[in-house]
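The data block below is final-v2.tsv; it holds TSV, C-alpha atoms and all ligand atoms.
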```
chain	number	residue	atom	x	y	z
A	1	MET	CA	-95.55	-32.40	-1.01
A	2	ARG	CA	-94.39	-34.13	-4.19
A	3	PRO	CA	-91.00	-35.94	-4.03
A	4	VAL	CA	-88.10	-34.25	-5.75
A	5	LEU	CA	-86.83	-36.12	-8.81
A	6	TYR	CA	-83.48	-34.89	-10.11
A	7	ILE	CA	-82.85	-35.63	-13.79
A	8	ALA	CA	-79.16	-35.38	-14.57
A	9	ARG	CA	-79.48	-34.58	-18.28
A	10	LYS	CA	-81.96	-32.78	-20.51
A	11	LEU	CA	-84.35	-35.45	-21.78
A	12	PRO	CA	-87.07	-35.36	-24.44
A	13	ASP	CA	-90.21	-33.55	-23.23
A	14	GLU	CA	-92.35	-36.65	-23.54
A	15	ALA	CA	-90.10	-38.39	-21.01
A	16	LEU	CA	-90.25	-35.45	-18.61
A	17	ARG	CA	-94.05	-35.48	-18.87
A	18	VAL	CA	-94.06	-38.98	-17.36
A	19	ALA	CA	-93.04	-37.45	-14.02
A	20	GLU	CA	-94.84	-34.10	-14.05
A	21	ASN	CA	-97.94	-35.12	-12.07
A	22	ASP	CA	-96.22	-37.13	-9.38
A	23	CYS	CA	-92.88	-35.41	-8.81
A	24	GLU	CA	-91.26	-32.05	-8.48
A	25	VAL	CA	-88.90	-32.40	-11.41
A	26	ARG	CA	-85.54	-30.68	-11.33
A	27	LEU	CA	-83.36	-30.93	-14.37
A	28	TRP	CA	-79.80	-30.35	-15.51
A	29	ASP	CA	-81.03	-28.54	-18.57
A	30	ARG	CA	-78.19	-29.32	-20.99
A	31	GLU	CA	-78.11	-32.10	-23.48
A	32	SER	CA	-74.45	-32.37	-24.42
A	33	GLU	CA	-72.78	-31.45	-21.15
A	34	PRO	CA	-72.73	-33.62	-18.03
A	35	VAL	CA	-73.85	-32.05	-14.78
A	36	PRO	CA	-70.77	-31.00	-12.74
A	37	ARG	CA	-70.23	-33.30	-9.76
A	38	ASN	CA	-70.62	-30.51	-7.17
A	39	VAL	CA	-73.91	-29.39	-8.71
A	40	LEU	CA	-75.17	-32.97	-8.77
A	41	LEU	CA	-74.31	-33.62	-5.12
A	42	ASP	CA	-75.84	-30.31	-4.11
A	43	GLN	CA	-79.06	-31.00	-6.03
A	44	LEU	CA	-79.37	-34.43	-4.45
A	45	ARG	CA	-79.44	-33.11	-0.87
A	46	ASP	CA	-83.24	-33.22	-0.76
A	47	ALA	CA	-83.97	-35.43	-3.79
A	48	GLU	CA	-85.75	-38.76	-3.46
A	49	GLY	CA	-85.12	-39.87	-7.01
A	50	LEU	CA	-82.29	-39.57	-9.52
A	51	VAL	CA	-82.44	-40.26	-13.23
A	52	SER	CA	-78.83	-40.78	-14.23
A	53	VAL	CA	-77.01	-41.33	-17.50
A	54	LEU	CA	-73.79	-43.28	-17.84
A	55	THR	CA	-71.54	-40.27	-17.22
A	56	GLU	CA	-72.75	-40.06	-13.59
A	57	ARG	CA	-70.81	-42.06	-11.04
A	58	VAL	CA	-73.21	-43.27	-8.37
A	59	ASP	CA	-71.01	-44.23	-5.43
A	60	GLU	CA	-70.72	-44.03	-1.66
A	61	GLU	CA	-69.91	-40.29	-1.81
A	62	LEU	CA	-73.03	-39.53	-3.83
A	63	LEU	CA	-75.22	-41.71	-1.66
A	64	LYS	CA	-73.98	-40.00	1.49
A	65	ALA	CA	-74.76	-36.62	-0.07
A	66	ALA	CA	-78.32	-37.79	-0.84
A	67	PRO	CA	-79.85	-39.00	2.44
A	68	ARG	CA	-83.44	-39.03	1.11
A	69	LEU	CA	-82.63	-40.93	-2.08
A	70	LYS	CA	-84.88	-43.94	-2.82
A	71	VAL	CA	-84.16	-44.70	-6.44
A	72	VAL	CA	-81.44	-44.34	-9.08
A	73	ALA	CA	-82.94	-44.88	-12.52
A	74	ASN	CA	-80.13	-45.26	-15.05
A	75	MET	CA	-80.93	-44.35	-18.65
A	76	ALA	CA	-78.85	-47.24	-20.00
A	77	VAL	CA	-78.95	-51.01	-19.83
A	78	GLY	CA	-75.35	-51.09	-18.57
A	79	TYR	CA	-74.99	-49.94	-14.98
A	80	ASP	CA	-71.27	-50.19	-14.35
A	81	ASN	CA	-71.37	-46.47	-13.43
A	82	ILE	CA	-73.39	-47.45	-10.35
A	83	ASP	CA	-72.11	-49.10	-7.19
A	84	VAL	CA	-75.11	-51.38	-6.84
A	85	GLU	CA	-73.87	-52.88	-3.59
A	86	ALA	CA	-73.51	-49.44	-2.00
A	87	CYS	CA	-77.03	-48.58	-3.20
A	88	ARG	CA	-78.33	-51.74	-1.55
A	89	ARG	CA	-76.64	-50.78	1.72
A	90	HIS	CA	-78.31	-47.36	1.56
A	91	GLY	CA	-81.69	-48.88	0.68
A	92	VAL	CA	-81.66	-47.29	-2.78
A	93	ILE	CA	-83.32	-49.17	-5.64
A	94	VAL	CA	-81.42	-49.25	-8.94
A	95	THR	CA	-83.13	-49.60	-12.31
A	96	ASN	CA	-81.86	-49.73	-15.91
A	97	THR	CA	-83.34	-49.75	-19.42
A	98	PRO	CA	-83.04	-53.24	-20.94
A	99	ASP	CA	-84.90	-54.54	-24.03
A	100	VAL	CA	-85.99	-51.18	-25.47
A	101	LEU	CA	-82.51	-50.71	-26.98
A	102	THR	CA	-81.70	-54.28	-27.95
A	103	GLU	CA	-82.50	-54.20	-31.68
A	104	THR	CA	-81.11	-50.69	-32.18
A	105	THR	CA	-77.81	-51.64	-30.58
A	106	ALA	CA	-77.64	-54.85	-32.60
A	107	ASP	CA	-78.12	-52.78	-35.78
A	108	LEU	CA	-75.22	-50.56	-34.74
A	109	ALA	CA	-73.00	-53.56	-34.01
A	110	TRP	CA	-73.66	-54.74	-37.55
A	111	ALA	CA	-73.08	-51.29	-39.02
A	112	LEU	CA	-69.73	-51.19	-37.25
A	113	LEU	CA	-68.86	-54.71	-38.29
A	114	LEU	CA	-69.58	-53.98	-41.95
A	115	ALA	CA	-67.91	-50.56	-41.84
A	116	THR	CA	-64.74	-52.15	-40.47
A	117	ALA	CA	-64.67	-55.15	-42.78
A	118	ARG	CA	-65.37	-53.09	-45.91
A	119	ARG	CA	-63.40	-50.02	-44.86
A	120	LEU	CA	-66.37	-47.68	-45.29
A	121	PRO	CA	-64.99	-44.65	-43.39
A	122	GLN	CA	-61.76	-44.61	-45.45
A	123	SER	CA	-63.74	-45.10	-48.67
A	124	ALA	CA	-66.16	-42.26	-47.92
A	125	GLU	CA	-63.27	-40.01	-46.88
A	126	LEU	CA	-61.43	-40.71	-50.14
A	127	VAL	CA	-64.42	-39.57	-52.18
A	128	ARG	CA	-65.01	-36.50	-50.00
A	129	ASP	CA	-61.33	-35.50	-50.21
A	130	GLY	CA	-61.34	-35.71	-54.01
A	131	GLY	CA	-58.87	-38.61	-53.92
A	132	TRP	CA	-61.00	-40.98	-56.03
A	133	THR	CA	-59.13	-40.87	-59.33
A	134	THR	CA	-59.84	-44.30	-60.83
A	135	TRP	CA	-61.26	-47.77	-60.21
A	136	SER	CA	-58.42	-49.86	-58.90
A	137	PRO	CA	-58.24	-53.67	-58.68
A	138	LEU	CA	-57.05	-53.83	-55.09
A	139	GLY	CA	-57.91	-50.33	-53.90
A	140	LEU	CA	-59.67	-50.24	-50.54
A	141	THR	CA	-60.19	-53.96	-50.49
A	142	GLY	CA	-61.56	-55.38	-47.27
A	143	LEU	CA	-62.78	-58.69	-45.93
A	144	ASP	CA	-65.83	-60.76	-46.78
A	145	ILE	CA	-68.50	-61.28	-44.15
A	146	TYR	CA	-70.89	-63.63	-45.95
A	147	GLY	CA	-70.30	-67.25	-44.98
A	148	LYS	CA	-67.74	-66.43	-42.26
A	149	SER	CA	-67.94	-67.30	-38.56
A	150	LEU	CA	-69.35	-64.84	-36.07
A	151	GLY	CA	-68.23	-65.20	-32.45
A	152	ILE	CA	-70.43	-63.60	-29.83
A	153	LEU	CA	-68.82	-63.02	-26.47
A	154	GLY	CA	-71.75	-62.40	-24.10
A	155	MET	CA	-74.83	-64.10	-25.57
A	156	GLY	CA	-77.47	-62.00	-23.81
A	157	ARG	CA	-80.25	-59.89	-25.26
A	158	ILE	CA	-78.12	-57.86	-27.66
A	159	GLY	CA	-75.75	-60.74	-28.39
A	160	GLU	CA	-78.68	-62.83	-29.54
A	161	ALA	CA	-80.08	-59.99	-31.66
A	162	VAL	CA	-76.67	-59.60	-33.35
A	163	ALA	CA	-76.49	-63.36	-33.94
A	164	ARG	CA	-79.99	-63.43	-35.42
A	165	ARG	CA	-78.93	-60.92	-38.07
A	166	ALA	CA	-75.97	-63.15	-38.96
A	167	GLN	CA	-78.35	-65.79	-40.32
A	168	GLY	CA	-79.03	-63.52	-43.29
A	169	PHE	CA	-75.29	-63.44	-43.96
A	170	GLY	CA	-74.99	-67.24	-44.03
A	171	MET	CA	-72.64	-67.17	-41.07
A	172	THR	CA	-71.66	-69.88	-38.63
A	173	ILE	CA	-72.67	-68.62	-35.18
A	174	LEU	CA	-70.31	-69.37	-32.30
A	175	TYR	CA	-70.57	-67.99	-28.79
A	176	HIS	CA	-69.18	-67.91	-25.31
A	177	ASN	CA	-71.25	-66.92	-22.30
A	178	ARG	CA	-71.12	-67.44	-18.56
A	179	ARG	CA	-73.48	-70.35	-19.12
A	180	PRO	CA	-74.46	-72.15	-22.34
A	181	ARG	CA	-77.87	-71.14	-23.66
A	182	PRO	CA	-79.42	-74.25	-25.26
A	183	GLU	CA	-82.53	-72.30	-26.33
A	184	VAL	CA	-80.38	-69.93	-28.41
A	185	GLU	CA	-78.50	-72.88	-29.86
A	186	GLU	CA	-81.82	-74.34	-30.92
A	187	ARG	CA	-83.23	-71.07	-32.26
A	188	LEU	CA	-80.15	-69.94	-34.17
A	189	GLY	CA	-78.03	-73.05	-34.61
A	190	ALA	CA	-75.36	-71.37	-32.48
A	191	ARG	CA	-72.47	-73.42	-31.04
A	192	TYR	CA	-71.13	-72.88	-27.51
A	193	LEU	CA	-67.33	-72.72	-27.19
A	194	SER	CA	-64.85	-72.00	-24.45
A	195	LEU	CA	-63.46	-68.46	-24.64
A	196	ASP	CA	-60.18	-69.90	-25.85
A	197	ALA	CA	-61.82	-71.81	-28.71
A	198	LEU	CA	-64.02	-68.82	-29.61
A	199	LEU	CA	-60.98	-66.59	-29.95
A	200	ARG	CA	-59.24	-69.12	-32.18
A	201	GLU	CA	-62.25	-69.91	-34.41
A	202	ALA	CA	-64.14	-66.65	-34.88
A	203	ASP	CA	-63.57	-64.57	-38.00
A	204	ILE	CA	-65.44	-61.75	-36.33
A	205	LEU	CA	-65.64	-61.41	-32.57
A	206	VAL	CA	-68.41	-59.19	-31.21
A	207	ILE	CA	-68.15	-58.34	-27.52
A	208	LEU	CA	-71.44	-57.88	-25.69
A	209	THR	CA	-70.82	-58.67	-22.03
A	210	PRO	CA	-71.56	-56.13	-19.33
A	211	LEU	CA	-68.56	-54.52	-17.60
A	212	THR	CA	-68.03	-56.29	-14.28
A	213	ALA	CA	-65.06	-57.21	-12.11
A	214	GLU	CA	-64.94	-60.47	-14.10
A	215	THR	CA	-65.03	-58.93	-17.55
A	216	ARG	CA	-62.59	-56.03	-17.01
A	217	HIS	CA	-59.73	-56.69	-19.47
A	218	LEU	CA	-61.28	-60.03	-20.37
A	219	ILE	CA	-59.65	-59.46	-23.75
A	220	GLY	CA	-55.98	-58.67	-23.27
A	221	ARG	CA	-52.69	-59.33	-25.02
A	222	ASN	CA	-52.88	-63.13	-24.59
A	223	GLU	CA	-56.43	-63.33	-25.86
A	224	LEU	CA	-55.71	-61.14	-28.90
A	225	ALA	CA	-52.73	-63.35	-29.73
A	226	LYS	CA	-55.05	-66.34	-30.00
A	227	MET	CA	-57.22	-64.66	-32.63
A	228	LYS	CA	-56.76	-65.12	-36.39
A	229	SER	CA	-54.57	-62.54	-38.08
A	230	THR	CA	-57.55	-61.97	-40.41
A	231	ALA	CA	-60.00	-61.48	-37.52
A	232	ILE	CA	-62.04	-58.40	-36.71
A	233	LEU	CA	-62.90	-57.43	-33.14
A	234	VAL	CA	-66.05	-55.39	-32.57
A	235	ASN	CA	-66.67	-53.92	-29.13
A	236	VAL	CA	-70.11	-52.49	-28.43
A	237	SER	CA	-70.19	-53.33	-24.71
A	238	ARG	CA	-67.89	-51.26	-22.51
A	239	GLY	CA	-64.34	-50.12	-23.25
A	240	PRO	CA	-62.60	-51.66	-20.23
A	241	VAL	CA	-63.65	-55.17	-21.27
A	242	VAL	CA	-60.75	-54.85	-23.73
A	243	ASP	CA	-57.20	-53.88	-22.72
A	244	GLU	CA	-56.95	-50.90	-25.06
A	245	GLU	CA	-53.18	-50.64	-25.00
A	246	ALA	CA	-52.91	-54.30	-25.99
A	247	LEU	CA	-55.50	-53.74	-28.71
A	248	VAL	CA	-53.58	-50.79	-30.19
A	249	ASP	CA	-50.42	-52.92	-30.29
A	250	ALA	CA	-52.29	-55.84	-31.86
A	251	LEU	CA	-53.73	-53.59	-34.58
A	252	ARG	CA	-50.36	-51.95	-35.24
A	253	GLN	CA	-48.54	-55.25	-35.47
A	254	GLY	CA	-51.17	-57.05	-37.55
A	255	VAL	CA	-51.94	-59.56	-34.79
A	256	ILE	CA	-55.58	-59.04	-35.82
A	257	TRP	CA	-56.87	-57.44	-39.04
A	258	GLY	CA	-59.11	-54.71	-37.68
A	259	ALA	CA	-61.36	-53.40	-34.93
A	260	GLY	CA	-64.68	-51.62	-34.81
A	261	LEU	CA	-65.20	-49.79	-31.54
A	262	ASP	CA	-68.11	-47.91	-30.06
A	263	VAL	CA	-66.71	-47.78	-26.51
A	264	TYR	CA	-63.37	-46.99	-24.87
A	265	GLU	CA	-61.53	-47.34	-21.60
A	266	ARG	CA	-61.91	-43.60	-20.94
A	267	GLU	CA	-64.65	-41.71	-22.75
A	268	PRO	CA	-64.70	-39.44	-24.63
A	269	ILE	CA	-61.46	-40.06	-26.53
A	270	GLY	CA	-59.67	-37.07	-28.04
A	271	ALA	CA	-58.32	-36.64	-31.57
A	272	ASP	CA	-54.83	-37.60	-30.40
A	273	HIS	CA	-55.91	-41.05	-29.17
A	274	PRO	CA	-53.64	-43.82	-30.54
A	275	LEU	CA	-56.62	-45.71	-31.98
A	276	LEU	CA	-57.37	-42.76	-34.22
A	277	GLN	CA	-53.89	-42.92	-35.74
A	278	LEU	CA	-54.62	-46.42	-37.08
A	279	ASP	CA	-56.03	-47.21	-40.50
A	280	ASN	CA	-57.55	-50.50	-39.33
A	281	ALA	CA	-59.70	-49.18	-36.48
A	282	VAL	CA	-63.16	-47.70	-36.96
A	283	CYS	CA	-64.10	-45.59	-33.95
A	284	LEU	CA	-67.59	-44.37	-33.07
A	285	PRO	CA	-68.61	-42.15	-30.13
A	286	HIS	CA	-70.68	-44.59	-28.05
A	287	ILE	CA	-73.80	-44.44	-30.22
A	288	GLY	CA	-75.05	-48.02	-29.87
A	289	SER	CA	-78.60	-47.06	-28.90
A	290	ALA	CA	-78.64	-43.67	-30.62
A	291	THR	CA	-81.85	-43.49	-32.62
A	292	VAL	CA	-84.54	-40.94	-31.80
A	293	ALA	CA	-87.12	-43.63	-31.08
A	294	THR	CA	-84.86	-45.74	-28.88
A	295	ARG	CA	-83.32	-42.91	-26.88
A	296	THR	CA	-86.82	-41.55	-26.29
A	297	ALA	CA	-88.03	-44.99	-25.17
A	298	MET	CA	-85.03	-45.32	-22.83
A	299	ALA	CA	-85.69	-41.89	-21.33
A	300	ARG	CA	-89.38	-42.67	-20.82
A	301	LEU	CA	-88.59	-46.01	-19.20
A	302	ALA	CA	-85.97	-44.50	-16.89
A	303	VAL	CA	-88.35	-41.77	-15.71
A	304	GLN	CA	-91.22	-44.25	-15.32
A	305	ASN	CA	-89.01	-46.49	-13.18
A	306	ALA	CA	-88.18	-43.58	-10.88
A	307	VAL	CA	-91.81	-42.43	-10.67
A	308	ASN	CA	-93.02	-45.93	-9.84
A	309	VAL	CA	-90.61	-46.24	-6.91
A	310	LEU	CA	-91.47	-42.76	-5.65
A	311	LYS	CA	-95.18	-43.68	-5.77
A	312	GLY	CA	-94.48	-46.83	-3.76
A	313	GLU	CA	-94.99	-49.10	-6.76
A	314	LYS	CA	-92.69	-51.68	-8.33
A	315	PRO	CA	-90.25	-50.34	-10.93
A	316	LEU	CA	-90.66	-51.85	-14.40
A	317	THR	CA	-87.03	-52.88	-14.84
A	318	PRO	CA	-85.11	-53.14	-11.57
A	319	VAL	CA	-81.49	-54.23	-11.66
A	401	LIG	N1	-72.50	-49.26	-27.04
A	401	LIG	C1	-73.69	-48.97	-26.56
A	401	LIG	O1	-74.23	-47.89	-26.79
A	401	LIG	C2	-74.42	-49.98	-25.76
A	401	LIG	C3	-73.74	-50.86	-24.95
A	401	LIG	N2	-74.41	-51.79	-24.22
A	401	LIG	C4	-73.62	-52.74	-23.41
A	401	LIG	O2	-74.00	-54.06	-23.78
A	401	LIG	C5	-74.10	-54.84	-22.61
A	401	LIG	C6	-75.00	-56.03	-22.86
A	401	LIG	O3	-76.35	-55.65	-22.90
A	401	LIG	P1	-77.51	-56.77	-22.90
A	401	LIG	O4	-77.29	-57.73	-24.01
A	401	LIG	O5	-78.81	-56.09	-22.81
A	401	LIG	O6	-77.18	-57.50	-21.52
A	401	LIG	P2	-77.48	-59.00	-21.10
A	401	LIG	O7	-77.33	-59.04	-19.63
A	401	LIG	O8	-78.76	-59.46	-21.71
A	401	LIG	O9	-76.29	-59.83	-21.78
A	401	LIG	C7	-75.01	-59.90	-21.30
A	401	LIG	C8	-74.51	-61.33	-21.46
A	401	LIG	O10	-73.13	-61.36	-21.09
A	401	LIG	C9	-72.91	-62.55	-20.35
A	401	LIG	N3	-71.73	-62.44	-19.51
A	401	LIG	C10	-71.58	-61.74	-18.35
A	401	LIG	N4	-70.35	-61.92	-17.86
A	401	LIG	C11	-69.70	-62.74	-18.72
A	401	LIG	C12	-68.40	-63.30	-18.75
A	401	LIG	N5	-67.53	-63.06	-17.78
A	401	LIG	N6	-68.08	-64.11	-19.78
A	401	LIG	C13	-68.98	-64.38	-20.74
A	401	LIG	N7	-70.22	-63.88	-20.77
A	401	LIG	C14	-70.58	-63.06	-19.77
A	401	LIG	C15	-74.20	-62.75	-19.54
A	401	LIG	O11	-74.34	-64.07	-19.12
A	401	LIG	C16	-75.25	-62.31	-20.56
A	401	LIG	O12	-75.69	-63.42	-21.32
A	401	LIG	C17	-74.59	-53.86	-21.54
A	401	LIG	O13	-74.23	-54.28	-20.25
A	401	LIG	C18	-73.88	-52.58	-21.92
A	401	LIG	O14	-72.65	-52.48	-21.24
A	401	LIG	C19	-75.76	-51.89	-24.26
A	401	LIG	C20	-76.49	-51.02	-25.02
A	401	LIG	C21	-75.89	-49.98	-25.82
A	402	LIG	O1	-74.22	-47.91	-23.37
A	402	LIG	C1	-75.41	-47.85	-23.26
A	402	LIG	C2	-76.21	-48.67	-22.45
A	402	LIG	O2	-77.44	-48.57	-22.55
A	402	LIG	O3	-75.66	-49.45	-21.64
```

Kindly present the structure from the file in structure tokens form.
Ligand SMILES: NC(=O)C1=CN([C@@H]2O[C@H](COP(=O)(O)OP(=O)(O)OC[C@H]3O[C@@H](n4cnc5c(N)ncnc54)[C@H](O)[C@@H]3O)[C@@H](O)[C@H]2O)C=CC1
Ligand SMILES: O=CC(=O)O
Amino acid sequence: MRPVLYIARKLPDEALRVAENDCEVRLWDRESEPVPRNVLLDQLRDAEGLVSVLTERVDEELLKAAPRLKVVANMAVGYDNIDVEACRRHGVIVTNTPDVLTETTADLAWALLLATARRLPQSAELVRDGGWTTWSPLGLTGLDIYGKSLGILGMGRIGEAVARRAQGFGMTILYHNRRPRPEVEERLGARYLSLDALLREADILVILTPLTAETRHLIGRNELAKMKSTAILVNVSRGPVVDEEALVDALRQGVIWGAGLDVYEREPIGADHPLLQLDNAVCLPHIGSATVATRTAMARLAVQNAVNVLKGEKPLTPV
């Protein structure tokens, strides 16, 4: 009998085909709607594999409901939705999807950075609303990027890819990481700083740490107060790395100049969210890796990881 693999979201066919010979695939067949928790737990009663996306909380409750589970293959590089320690206790292997999304996410970080600095959403909206009546000397003026300093908080795969792009913009590259990375310093001429110094020196701060107990609210009121009043904060990592209430206050009070956000403390945010009332915040709906090619590659890798474990082989990208 083939092992049951439950896939918690409709994925591209070519990803599903990766499992069709080796597994009995069961699927939550909707693309834009998460599987309800009760359905998920029920489906996992006899499943040996789970392909999850970041809306699924994999915790003690889920693991207890899934006694045959051998592998949780997350279709994301971040795995803060998974209690990895609980999985270890239950003998469940956890995998993620690093590398395949690095360049795509770095592109998005730059798109967000530029959109915020040059006020692209407001500019496009003005034209669409018929409000463009004349060329005006100081209308919709933003901030320069070329020649400024870029601060990367979390110099990992994506952080480095974002920094590499900054070379084309003649930027000074500063970073803070758990540990200095001399090889990146050599490759990109980046300079390691304490978090405190990074906050004070960076014109643009791009956050690219994972969400962990250590990084939750790593950027709060005190940290924002250390930043330049002309600084831009870009968060492409996970919402809770930034204290959102403190960020809203900082943007309202001009403590920093602007923010570009792809992620939030609680997702999705609704139209009444305080960030959306601000003119100096550009908000995207968690689309860092959202290109057809990259999402397809992530889906394929996630399914392949699950299949490998269920066949008794090594997963390609274990956590
Ligand atoms: N917005 C989106 O759609 C996407 C978001 N992400 C997020 O980006 C994160 C980073 O992805 P990768 O670069 O592939 O991961 P990575 O593991 O290669 O890089 C993370 C870096 O953060 C550093 N770090 C960890 N804790 C830190 C701390 N307390 N202080 C300073 N640095 C710390 C690590 O040392 C590492 O260098 C993911 O964990 C995920 O949450 C990733 C892809 C898409
Ligand atoms: O947020 C997306 C991820 O891959 O992590």

Under the rule of at most 7 Å, produce a per-residue listing of chain A near ligand LIG 401 (chain A): chain, number, name, the closest pair of atoms, and the distance in Å, as JSON lines, using all atoms listed in the file.
```
{"residue": "A:Ala76", "atom": "CA", "partner": "A:LIG401", "partner_atom": "C20", "distance": 6.7}
{"residue": "A:Val77", "atom": "CA", "partner": "A:LIG401", "partner_atom": "C17", "distance": 5.5}
{"residue": "A:Gly78", "atom": "CA", "partner": "A:LIG401", "partner_atom": "O13", "distance": 3.8}
{"residue": "A:Tyr79", "atom": "CA", "partner": "A:LIG401", "partner_atom": "O13", "distance": 6.9}
{"residue": "A:Pro98", "atom": "CA", "partner": "A:LIG401", "partner_atom": "O5", "distance": 5.4}
{"residue": "A:Asp99", "atom": "CA", "partner": "A:LIG401", "partner_atom": "O5", "distance": 6.4}
{"residue": "A:Leu101", "atom": "CA", "partner": "A:LIG401", "partner_atom": "C20", "distance": 6.3}
{"residue": "A:Thr102", "atom": "CA", "partner": "A:LIG401", "partner_atom": "O5", "distance": 6.2}
{"residue": "A:Thr105", "atom": "CA", "partner": "A:LIG401", "partner_atom": "C21", "distance": 5.4}
{"residue": "A:Leu153", "atom": "CA", "partner": "A:LIG401", "partner_atom": "C13", "distance": 5.9}
{"residue": "A:Gly154", "atom": "CA", "partner": "A:LIG401", "partner_atom": "O10", "distance": 3.5}
{"residue": "A:Met155", "atom": "CA", "partner": "A:LIG401", "partner_atom": "O12", "distance": 4.4}
{"residue": "A:Gly156", "atom": "CA", "partner": "A:LIG401", "partner_atom": "O9", "distance": 3.2}
{"residue": "A:Arg157", "atom": "CA", "partner": "A:LIG401", "partner_atom": "O4", "distance": 3.9}
{"residue": "A:Ile158", "atom": "CA", "partner": "A:LIG401", "partner_atom": "O4", "distance": 3.7}
{"residue": "A:Gly159", "atom": "CA", "partner": "A:LIG401", "partner_atom": "O4", "distance": 5.5}
{"residue": "A:His176", "atom": "CA", "partner": "A:LIG401", "partner_atom": "C13", "distance": 5.8}
{"residue": "A:Asn177", "atom": "CA", "partner": "A:LIG401", "partner_atom": "N7", "distance": 3.6}
{"residue": "A:Arg178", "atom": "CA", "partner": "A:LIG401", "partner_atom": "N7", "distance": 4.3}
{"residue": "A:Arg179", "atom": "CA", "partner": "A:LIG401", "partner_atom": "O11", "distance": 6.3}
{"residue": "A:Leu208", "atom": "CA", "partner": "A:LIG401", "partner_atom": "C6", "distance": 4.9}
{"residue": "A:Thr209", "atom": "CA", "partner": "A:LIG401", "partner_atom": "O10", "distance": 3.7}
{"residue": "A:Pro210", "atom": "CA", "partner": "A:LIG401", "partner_atom": "O13", "distance": 3.4}
{"residue": "A:Leu211", "atom": "CA", "partner": "A:LIG401", "partner_atom": "O14", "distance": 5.8}
{"residue": "A:Glu214", "atom": "CA", "partner": "A:LIG401", "partner_atom": "N5", "distance": 5.2}
{"residue": "A:Thr215", "atom": "CA", "partner": "A:LIG401", "partner_atom": "N5", "distance": 4.8}
{"residue": "A:Val236", "atom": "CA", "partner": "A:LIG401", "partner_atom": "N1", "distance": 4.3}
{"residue": "A:Ser237", "atom": "CA", "partner": "A:LIG401", "partner_atom": "C4", "distance": 3.7}
{"residue": "A:Arg238", "atom": "CA", "partner": "A:LIG401", "partner_atom": "O14", "distance": 5.1}
{"residue": "A:Asp262", "atom": "CA", "partner": "A:LIG401", "partner_atom": "N1", "distance": 5.5}
{"residue": "A:Val263", "atom": "CA", "partner": "A:LIG401", "partner_atom": "N1", "distance": 6.0}
{"residue": "A:His286", "atom": "CA", "partner": "A:LIG401", "partner_atom": "O1", "distance": 5.0}
{"residue": "A:Ile287", "atom": "CA", "partner": "A:LIG401", "partner_atom": "O1", "distance": 4.9}
{"residue": "A:Gly288", "atom": "CA", "partner": "A:LIG401", "partner_atom": "O1", "distance": 3.2}
{"residue": "A:Ser289", "atom": "CA", "partner": "A:LIG401", "partner_atom": "O1", "distance": 4.9}
```

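Atom pair atom CA of Pro180 of chain A / atom CA of Ala290 of chain A: separated by 30.0 Å.
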
Tell me which protein, DNA and RNA residues are within 8 Å of Val319 of chain A, counting all atoms listed in the file, leaving out same-chain ones fewer than 3 positions away, and put them as a PyMOL selection string. chain A and resi 94-96

Put those residues in a file: C-alpha atoms, as a PDB file, in the frame of the given file.
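File produced: result_7.pdb:
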```
ATOM      1  CA  VAL A  94     -81.420 -49.250  -8.940  1.00  0.00           C
ATOM      2  CA  THR A  95     -83.130 -49.600 -12.310  1.00  0.00           C
ATOM      3  CA  ASN A  96     -81.860 -49.730 -15.910  1.00  0.00           C
TER       4      ASN A  96
END
```

Using only C-alpha atoms, the residue out of A:Glu185, A:Asp59, A:Glu201, A:Glu33 with shortest distance to Arg9 of chain A is A:Glu33

- Surrounding residues of Arg164 of chain A excluding itself and chain neighbours under 4 positions, 8 Å, all atoms listed in the file, as a PyMOL selection string: chain A and resi 160+168+188

I need the residues from that last selection saved to file as a PDB file, in the coordinates of the input (with C-alpha atoms), if you can.
```
ATOM      1  CA  GLU A 160     -78.680 -62.830 -29.540  1.00  0.00           C
ATOM      2  CA  GLY A 168     -79.030 -63.520 -43.290  1.00  0.00           C
ATOM      3  CA  LEU A 188     -80.150 -69.940 -34.170  1.00  0.00           C
TER       4      LEU A 188
END
```

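Of the residues under consideration (A:Arg88, A:Gly220, A:Asp196, A:Glu103), A:Glu103 shows the shortest atom-to-atom contact distance to ligand LIG 402 (chain A) when counting all atoms listed in the file.
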
message = So that I can see what lies close to Ala299 of chain A, please list as a PyMOL selection string the residues with an atom at most 8 Å from it, counting all atoms listed in the file and leaving out residues fewer than 6 positions away in the same chain.
response = chain A and resi 11-12+15+75

If you count all atoms listed in the file, the residue of A:Arg221, A:Arg89, A:Arg37, A:Arg119 closest to Ala65 of chain A turns out to be A:Arg37

For this session: Using all atoms listed in the file, give me every residue within 12 Å of (-63.5, -48.6, -24.3) in file coordinates, as a PyMOL selection string.
Result: chain A and resi 207+211+216-217+219+234-245+247-248+259-269+273+275+283-286

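Counting only C-alpha atoms and all ligand atoms and comparing A:Glu61, A:Glu56, A:Asp46, A:Asp80, the residue that lies closest to ligand LIG 402 (chain A) is A:Asp80.
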
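Near (-76.1, -29.7, -11.3), the residues that fall inside 12 Å on the basis of all atoms listed in the file are Tyr6, Ile7, Ala8, Arg9, Lys10, Arg26, Leu27, Trp28, Asp29, Arg30, Glu33, Pro34, Val35, Pro36, Arg37, Asn38, Val39, Leu40, Leu41, Asp42, Gln43, Leu44, Arg45, Leu50, Ser52 and Glu56 of chain A.
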
Residue with the minimum atom-to-atom distance to ligand LIG 402 (chain A), picked from A:Tyr175, A:Thr133, A:Leu54, A:Arg68 with only C-alpha atoms and all ligand atoms counted, is A:Leu54
